[in-house]
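**Student:** Could you have a look at this structure, given as structure tokens, before my questions?
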Amino acid sequence: MQIKLTKLGKRYNYDWIFRHLSYEFVSGKAYAILGYNGSGKSTFMNTLSGSILPSEGSIAYQNNSQAIPVDEIYRYLSFSAPYLELVEEFTLTELLQFHTRFKPLRQLTPNQLIERMYLEKARHKFVKDFSSGMKQRLKLGLAIYTDAPLLLLDEPTTNLDQTGINWYLEHVTENRKNRLVVVCSNIAHEYSFCDGTLDITQFHPVK
Ligand SMILES: Nc1ncnc2c1ncn2[C@@H]1O[C@H](COP(=O)(O)OP(=O)(O)OP(=O)(O)O)[C@@H](O)[C@H]1O
């Protein structure tokens, strides 16, 4: 997966969130999008995922040298973010059955994923009854272990304790090979494994 951004800009009403942003993301590398709260990291991530359209400039996606139109890019990505909801009315087993109908896992069964997330005891529990840390481990497990060449992680260690943070770092680093990984963060340990950084504040328009 390769993503080329050319003079990309996004504004809400009269406010430019970022502008004149040209950058290239290449497969096999991990990148951190940095910036303080409210600086535009999530807006950038949502533009990258194709869920919001840029106000100016362009994004070109390529997978195995084949151009992917923006309205198809959702097929190639997995995404975890605090603002993306799990289907809470399902039990864990039902949720995994549902998820894998749309997106396959990376060479493991739903049962093996449950074990890898240390959620065996919650197999038949409704997701709405999970603790916030369990929900976050589930979101990350689904994103990291979905077979997609583009992995997008916004604030990945939200609600995780130190054990959960170590778990995230172990699994994301084990599963980043041959993929493009983009992490939005302002916490150093979340992106310690990244090869490149992009500071979104450098693309704020000068007032
Ligand atoms: N739909 C929207 N309409 C208008 N303004 C918006 C909208 N979404 C985000 N914004 C504004 O865009 C700016 C950047 O928000 P964004 O959520 O991208 O920042 P962030 O860097 O991800 O913040 P945080 O670290 O707090 O998650 C903020 O000023 C926010 O109010």
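Starting from 1 in every chain, residues are counted up; chains themselves are A, B, ... following the order of the structure tokens, and ligands are numbered from 1 as listed.
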Can you tell me which residues surround A:Leu84 at a distance of at most 12 Å, considering only C-alpha atoms, apart from same-chain residues fewer than 6 positions away, and format the answer as a PyMOL selection string?

**Tutor:** chain A and resi 42+46+51+78+135-136+139-140+143+152-156

**Student:** Generate a file of the selected residues that holds N, CA and C atoms, formatted as a PDB file, in the first residue's frame.

**Tutor:**
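New file selection_31.pdb:
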ATOM      1  N   SER A  42      -7.065  13.643  13.955  1.00  0.00           N
ATOM      2  CA  SER A  42      -8.184  12.753  13.582  1.00  0.00           C
ATOM      3  C   SER A  42      -8.803  13.197  12.261  1.00  0.00           C
ATOM      4  N   ASN A  46      -9.107  10.687   9.170  1.00  0.00           N
ATOM      5  CA  ASN A  46     -10.384  10.430   8.493  1.00  0.00           C
ATOM      6  C   ASN A  46     -10.325  10.805   7.016  1.00  0.00           C
ATOM      7  N   SER A  51     -13.075   8.608   4.657  1.00  0.00           N
ATOM      8  CA  SER A  51     -14.406   8.843   5.238  1.00  0.00           C
ATOM      9  C   SER A  51     -14.802  10.323   5.211  1.00  0.00           C
ATOM     10  N   SER A  78      -7.977  -1.383   7.912  1.00  0.00           N
ATOM     11  CA  SER A  78      -8.632  -1.603   9.200  1.00  0.00           C
ATOM     12  C   SER A  78      -8.276  -0.409  10.081  1.00  0.00           C
ATOM     13  N   LYS A 135     -12.815  -3.182  25.956  1.00  0.00           N
ATOM     14  CA  LYS A 135     -13.314  -2.690  24.647  1.00  0.00           C
ATOM     15  C   LYS A 135     -12.157  -2.211  23.780  1.00  0.00           C
ATOM     16  N   GLN A 136     -11.204  -1.527  24.413  1.00  0.00           N
ATOM     17  CA  GLN A 136     -10.082  -1.011  23.632  1.00  0.00           C
ATOM     18  C   GLN A 136      -9.213  -2.149  23.113  1.00  0.00           C
ATOM     19  N   LYS A 139     -11.064  -3.525  20.149  1.00  0.00           N
ATOM     20  CA  LYS A 139     -10.927  -2.665  18.955  1.00  0.00           C
ATOM     21  C   LYS A 139      -9.556  -2.856  18.318  1.00  0.00           C
ATOM     22  N   LEU A 140      -8.510  -2.855  19.166  1.00  0.00           N
ATOM     23  CA  LEU A 140      -7.149  -2.990  18.636  1.00  0.00           C
ATOM     24  C   LEU A 140      -6.920  -4.371  18.050  1.00  0.00           C
ATOM     25  N   ALA A 143      -8.544  -4.569  14.697  1.00  0.00           N
ATOM     26  CA  ALA A 143      -7.827  -3.772  13.685  1.00  0.00           C
ATOM     27  C   ALA A 143      -6.503  -4.441  13.307  1.00  0.00           C
ATOM     28  N   LEU A 152      -4.833   1.706  10.373  1.00  0.00           N
ATOM     29  CA  LEU A 152      -4.933   3.065  10.914  1.00  0.00           C
ATOM     30  C   LEU A 152      -5.304   2.984  12.394  1.00  0.00           C
ATOM     31  N   LEU A 153      -4.504   3.616  13.247  1.00  0.00           N
ATOM     32  CA  LEU A 153      -4.737   3.558  14.689  1.00  0.00           C
ATOM     33  C   LEU A 153      -4.747   4.976  15.246  1.00  0.00           C
ATOM     34  N   ASP A 154      -5.901   5.399  15.727  1.00  0.00           N
ATOM     35  CA  ASP A 154      -6.013   6.734  16.330  1.00  0.00           C
ATOM     36  C   ASP A 154      -6.040   6.565  17.852  1.00  0.00           C
ATOM     37  N   GLU A 155      -5.107   7.199  18.541  1.00  0.00           N
ATOM     38  CA  GLU A 155      -4.976   7.117  20.003  1.00  0.00           C
ATOM     39  C   GLU A 155      -5.109   5.676  20.505  1.00  0.00           C
ATOM     40  N   PRO A 156      -4.187   4.788  20.080  1.00  0.00           N
ATOM     41  CA  PRO A 156      -4.379   3.361  20.352  1.00  0.00           C
ATOM     42  C   PRO A 156      -4.356   2.951  21.813  1.00  0.00           C
TER      43      PRO A 156
END

**Student:** As a list in words, please: every protein or nucleic acid residue near ligand 1 (cut-off 6 Å, counting only C-alpha atoms and all ligand atoms).

**Tutor:**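 Counting only what the definition allows, namely only C-alpha atoms and all ligand atoms, the set is Tyr12, Ile17, Gly35, Tyr36, Asn37, Gly38, Ser39, Gly40, Lys41, Ser42 and Thr43 of chain A.
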
**Student:** Got time to write the residues from that selection, N, CA and C atoms, as a PDB file, in the first residue's frame?

**Tutor:**
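Below is the file that was written, result-v7.pdb:
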ATOM      1  N   TYR A  12     -13.061  23.276   7.742  1.00  0.00           N
ATOM      2  CA  TYR A  12     -14.444  23.249   8.202  1.00  0.00           C
ATOM      3  C   TYR A  12     -14.909  24.702   8.201  1.00  0.00           C
ATOM      4  N   ILE A  17      -7.958  23.331   8.738  1.00  0.00           N
ATOM      5  CA  ILE A  17      -7.399  22.453   9.782  1.00  0.00           C
ATOM      6  C   ILE A  17      -5.955  22.115   9.404  1.00  0.00           C
ATOM      7  N   GLY A  35       0.729  15.921  17.060  1.00  0.00           N
ATOM      8  CA  GLY A  35       0.139  17.250  17.235  1.00  0.00           C
ATOM      9  C   GLY A  35      -0.668  17.290  18.523  1.00  0.00           C
ATOM     10  N   TYR A  36      -0.818  18.472  19.066  1.00  0.00           N
ATOM     11  CA  TYR A  36      -1.542  18.628  20.335  1.00  0.00           C
ATOM     12  C   TYR A  36      -3.044  18.370  20.136  1.00  0.00           C
ATOM     13  N   ASN A  37      -3.787  18.298  21.243  1.00  0.00           N
ATOM     14  CA  ASN A  37      -5.245  18.089  21.185  1.00  0.00           C
ATOM     15  C   ASN A  37      -5.886  19.165  20.322  1.00  0.00           C
ATOM     16  N   GLY A  38      -6.714  18.734  19.394  1.00  0.00           N
ATOM     17  CA  GLY A  38      -7.429  19.682  18.546  1.00  0.00           C
ATOM     18  C   GLY A  38      -6.619  20.198  17.373  1.00  0.00           C
ATOM     19  N   SER A  39      -5.424  19.636  17.155  1.00  0.00           N
ATOM     20  CA  SER A  39      -4.569  20.157  16.072  1.00  0.00           C
ATOM     21  C   SER A  39      -4.960  19.618  14.701  1.00  0.00           C
ATOM     22  N   GLY A  40      -5.771  18.541  14.672  1.00  0.00           N
ATOM     23  CA  GLY A  40      -6.246  18.048  13.375  1.00  0.00           C
ATOM     24  C   GLY A  40      -5.825  16.630  13.017  1.00  0.00           C
ATOM     25  N   LYS A  41      -5.284  15.878  13.985  1.00  0.00           N
ATOM     26  CA  LYS A  41      -4.805  14.516  13.695  1.00  0.00           C
ATOM     27  C   LYS A  41      -5.945  13.610  13.218  1.00  0.00           C
ATOM     28  N   SER A  42      -7.065  13.643  13.955  1.00  0.00           N
ATOM     29  CA  SER A  42      -8.184  12.753  13.582  1.00  0.00           C
ATOM     30  C   SER A  42      -8.803  13.197  12.261  1.00  0.00           C
ATOM     31  N   THR A  43      -8.869  14.500  12.043  1.00  0.00           N
ATOM     32  CA  THR A  43      -9.383  15.001  10.760  1.00  0.00           C
ATOM     33  C   THR A  43      -8.500  14.486   9.623  1.00  0.00           C
TER      34      THR A  43
END

**Student:** Between A:Leu169, A:Leu160, A:Arg11, A:Met45, single out the one closest to A:Ile33, counting only C-alpha atoms.

**Tutor:**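 Answer, going by the shortest atom-to-atom distance: A:Met45.
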
**Student:** If we count only C-alpha atoms and set the cut-off at 12 Å, which residues sit around A:Glu120, ignoring sequence neighbours fewer than 2 positions away in its own chain? Please answer as a ChimeraX atom specification.

**Tutor:** /A:92-93,110-118,122-125,134,138

**Student:** Export, as a PDB file, in the first residue's frame, the selected residues with C-alpha atoms.

**Tutor:**
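Now in again-v3.pdb:
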ATOM      1  CA  LEU A  92     -17.813 -11.222  21.706  1.00  0.00           C
ATOM      2  CA  THR A  93     -18.315 -14.450  19.725  1.00  0.00           C
ATOM      3  CA  PRO A 110     -11.841 -16.031  15.722  1.00  0.00           C
ATOM      4  CA  ASN A 111     -11.147 -18.344  18.690  1.00  0.00           C
ATOM      5  CA  GLN A 112      -7.403 -17.819  18.408  1.00  0.00           C
ATOM      6  CA  LEU A 113      -7.961 -14.063  18.249  1.00  0.00           C
ATOM      7  CA  ILE A 114     -10.049 -14.220  21.440  1.00  0.00           C
ATOM      8  CA  GLU A 115      -7.129 -15.990  23.139  1.00  0.00           C
ATOM      9  CA  ARG A 116      -4.631 -13.471  21.778  1.00  0.00           C
ATOM     10  CA  MET A 117      -6.727 -10.625  23.213  1.00  0.00           C
ATOM     11  CA  TYR A 118      -6.903 -12.457  26.594  1.00  0.00           C
ATOM     12  CA  ALA A 122     -15.697 -12.846  27.980  1.00  0.00           C
ATOM     13  CA  ARG A 123     -16.493 -15.099  25.003  1.00  0.00           C
ATOM     14  CA  HIS A 124     -20.258 -15.007  25.688  1.00  0.00           C
ATOM     15  CA  LYS A 125     -20.428 -11.611  27.346  1.00  0.00           C
ATOM     16  CA  MET A 134     -11.484  -4.653  27.373  1.00  0.00           C
ATOM     17  CA  LEU A 138     -11.050  -5.667  21.315  1.00  0.00           C
TER      18      LEU A 138
END

**Student:** Env of A:Ile144: 10 Å cut, atoms = only C-alpha atoms, seq-sep filter 2 positions within chain, self excluded. Answer as a CSV table (one decimal) with N, CA and C atoms, in the first residue's frame.

**Tutor:**
chain,number,residue,atom,x,y,z
A,78,SER,N,-8.0,-1.4,7.9
A,78,SER,CA,-8.6,-1.6,9.2
A,78,SER,C,-8.3,-0.4,10.1
A,79,PHE,N,-9.2,0.0,11.0
A,79,PHE,CA,-9.1,1.3,11.6
A,79,PHE,C,-9.7,1.1,13.0
A,80,SER,N,-8.9,1.6,14.0
A,80,SER,CA,-9.3,1.6,15.4
A,80,SER,C,-9.2,3.1,15.9
A,105,LEU,N,-9.6,-12.5,8.9
A,105,LEU,CA,-8.5,-12.2,9.8
A,105,LEU,C,-7.1,-12.7,9.2
A,106,ARG,N,-6.1,-12.3,9.8
A,106,ARG,CA,-4.7,-12.6,9.3
A,106,ARG,C,-4.3,-14.0,9.9
A,138,LEU,N,-10.3,-5.1,22.4
A,138,LEU,CA,-11.1,-5.7,21.3
A,138,LEU,C,-10.9,-4.8,20.0
A,139,LYS,N,-11.1,-3.5,20.1
A,139,LYS,CA,-10.9,-2.7,19.0
A,139,LYS,C,-9.6,-2.9,18.3
A,140,LEU,N,-8.5,-2.9,19.2
A,140,LEU,CA,-7.1,-3.0,18.6
A,140,LEU,C,-6.9,-4.4,18.1
A,141,GLY,N,-7.4,-5.4,18.8
A,141,GLY,CA,-7.3,-6.8,18.3
A,141,GLY,C,-7.9,-6.9,16.9
A,142,LEU,N,-9.1,-6.4,16.7
A,142,LEU,CA,-9.8,-6.5,15.4
A,142,LEU,C,-9.0,-5.7,14.4
A,146,THR,N,-7.0,-7.9,11.5
A,146,THR,CA,-7.8,-8.0,10.2
A,146,THR,C,-6.8,-7.9,9.1
A,147,ASP,N,-7.0,-8.8,8.1
A,147,ASP,CA,-6.1,-8.9,7.0
A,147,ASP,C,-6.3,-7.7,6.0
A,148,ALA,N,-5.6,-6.6,6.3
A,148,ALA,CA,-5.7,-5.4,5.5
A,148,ALA,C,-4.4,-4.8,5.3
A,150,LEU,N,-3.6,-1.7,5.0
A,150,LEU,CA,-3.5,-0.4,5.6
A,150,LEU,C,-4.1,-0.4,7.0
A,151,LEU,N,-3.3,-0.2,8.0
A,151,LEU,CA,-3.7,-0.2,9.4
A,151,LEU,C,-3.7,1.2,10.0
A,152,LEU,N,-4.8,1.7,10.4
A,152,LEU,CA,-4.9,3.1,10.9
A,152,LEU,C,-5.3,3.0,12.4
A,153,LEU,N,-4.5,3.6,13.2
A,153,LEU,CA,-4.7,3.6,14.7
A,153,LEU,C,-4.7,5.0,15.2
A,168,TYR,N,-0.4,-4.1,23.4
A,168,TYR,CA,-0.6,-3.3,22.1
A,168,TYR,C,0.8,-3.3,21.4
A,171,HIS,N,1.8,-6.6,19.9
A,171,HIS,CA,1.1,-7.2,18.7
A,171,HIS,C,1.2,-6.3,17.5
A,172,VAL,N,1.2,-5.0,17.7
A,172,VAL,CA,1.4,-4.1,16.5
A,172,VAL,C,2.7,-4.3,15.9
A,173,THR,N,3.8,-4.5,16.7
A,173,THR,CA,5.1,-4.6,16.1
A,173,THR,C,5.2,-6.0,15.4
A,174,GLU,N,4.6,-7.0,15.9
A,174,GLU,CA,4.6,-8.3,15.3
A,174,GLU,C,3.8,-8.4,14.0
A,175,ASN,N,2.9,-7.5,13.8
A,175,ASN,CA,2.0,-7.5,12.7
A,175,ASN,C,2.1,-6.3,11.7
A,176,ARG,N,3.2,-5.7,11.7
A,176,ARG,CA,3.3,-4.5,10.8
A,176,ARG,C,4.1,-4.8,9.5
A,181,VAL,N,1.3,1.3,8.3
A,181,VAL,CA,0.7,1.5,9.6
A,181,VAL,C,0.8,3.0,9.8

**Student:** When you count only C-alpha atoms, which of these residues is closest to A:Lys4: A:Val183, A:Val26, A:Ala81, A:Ile200?

**Tutor:**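 For A:Lys4, the nearest of the given residues is A:Val26.
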
**Student:** Just the residues within 10 Å of A:Ile59, please, counting only C-alpha atoms, with nothing from its chain fewer than 5 positions along; format it as a list in words.

**Tutor:**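 The contact residues come out as Ile3, Lys4, Leu5, Thr6, Lys7, Leu8, Ser22, Tyr23, Glu24, Thr47, Leu48, Gly50, Leu53, Pro54, Pro69 and Val70 of chain A.
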
**Student:** Given the selection you just returned, output its residues as a file containing C-alpha atoms, formatted as a PDB file, in the first residue's frame.

**Tutor:**
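Saved as again-v9.pdb:
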ATOM      1  CA  ILE A   3      -0.455   6.745  -0.378  1.00  0.00           C
ATOM      2  CA  LYS A   4       0.631   9.957  -2.049  1.00  0.00           C
ATOM      3  CA  LEU A   5      -0.777  13.230  -0.760  1.00  0.00           C
ATOM      4  CA  THR A   6      -0.451  16.290  -2.958  1.00  0.00           C
ATOM      5  CA  LYS A   7      -1.129  19.772  -1.590  1.00  0.00           C
ATOM      6  CA  LEU A   8      -3.842  18.315   0.611  1.00  0.00           C
ATOM      7  CA  SER A  22       2.348  16.860   0.484  1.00  0.00           C
ATOM      8  CA  TYR A  23       3.692  13.544   1.761  1.00  0.00           C
ATOM      9  CA  GLU A  24       4.189   9.943   0.723  1.00  0.00           C
ATOM     10  CA  THR A  47      -9.296  12.124   5.275  1.00  0.00           C
ATOM     11  CA  LEU A  48      -6.693   9.376   4.780  1.00  0.00           C
ATOM     12  CA  GLY A  50     -11.623   8.227   2.721  1.00  0.00           C
ATOM     13  CA  LEU A  53     -13.200  14.347   1.552  1.00  0.00           C
ATOM     14  CA  PRO A  54     -10.388  16.897   1.331  1.00  0.00           C
ATOM     15  CA  PRO A  69     -10.169   4.792  -6.086  1.00  0.00           C
ATOM     16  CA  VAL A  70     -10.991   6.575  -2.823  1.00  0.00           C
TER      17      VAL A  70
END

**Student:** Could you check how far atom CA of A:Phe44 sits from atom CA of A:Leu95, in Å to one decimal?

**Tutor:**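 Distance reported for this atom pair: 28.3 Å.
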
**Student:** I'd like to know which residues of stretch 2-205 of chain A are strand (DSSP E or B) (by DSSP, run on the backbone); could you write them as a ChimeraX atom specification?

**Tutor:** /A:2-12,15-25,30-34,56-63,66-68,77-80,91,105,126,146,150-154,180-185,196-199

**Student:** Considering only C-alpha atoms, can you say which of A:Phe98, A:Glu72, A:Gly28, A:Asp15 comes closest to A:Lys207?

**Tutor:** A:Asp15

**Student:** Given only C-alpha atoms as the basis, pick out the residue of A:Val182, A:Leu119, A:Ile187, A:Leu34 nearest to A:Met1.

**Tutor:**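 Smallest distance to A:Met1 is found for A:Val182.
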
**Student:** Using only C-alpha atoms, which residue out of A:Ala32, A:Leu21, A:Val206, A:Leu86 lies closest to A:Glu190?

**Tutor:** A:Ala32

**Student:** Select, from A:Phe203, A:Tyr145, A:Phe18, A:Tyr31, the residue with the minimum atom-to-atom distance to A:His99, counting only C-alpha atoms.

**Tutor:** A:Tyr145
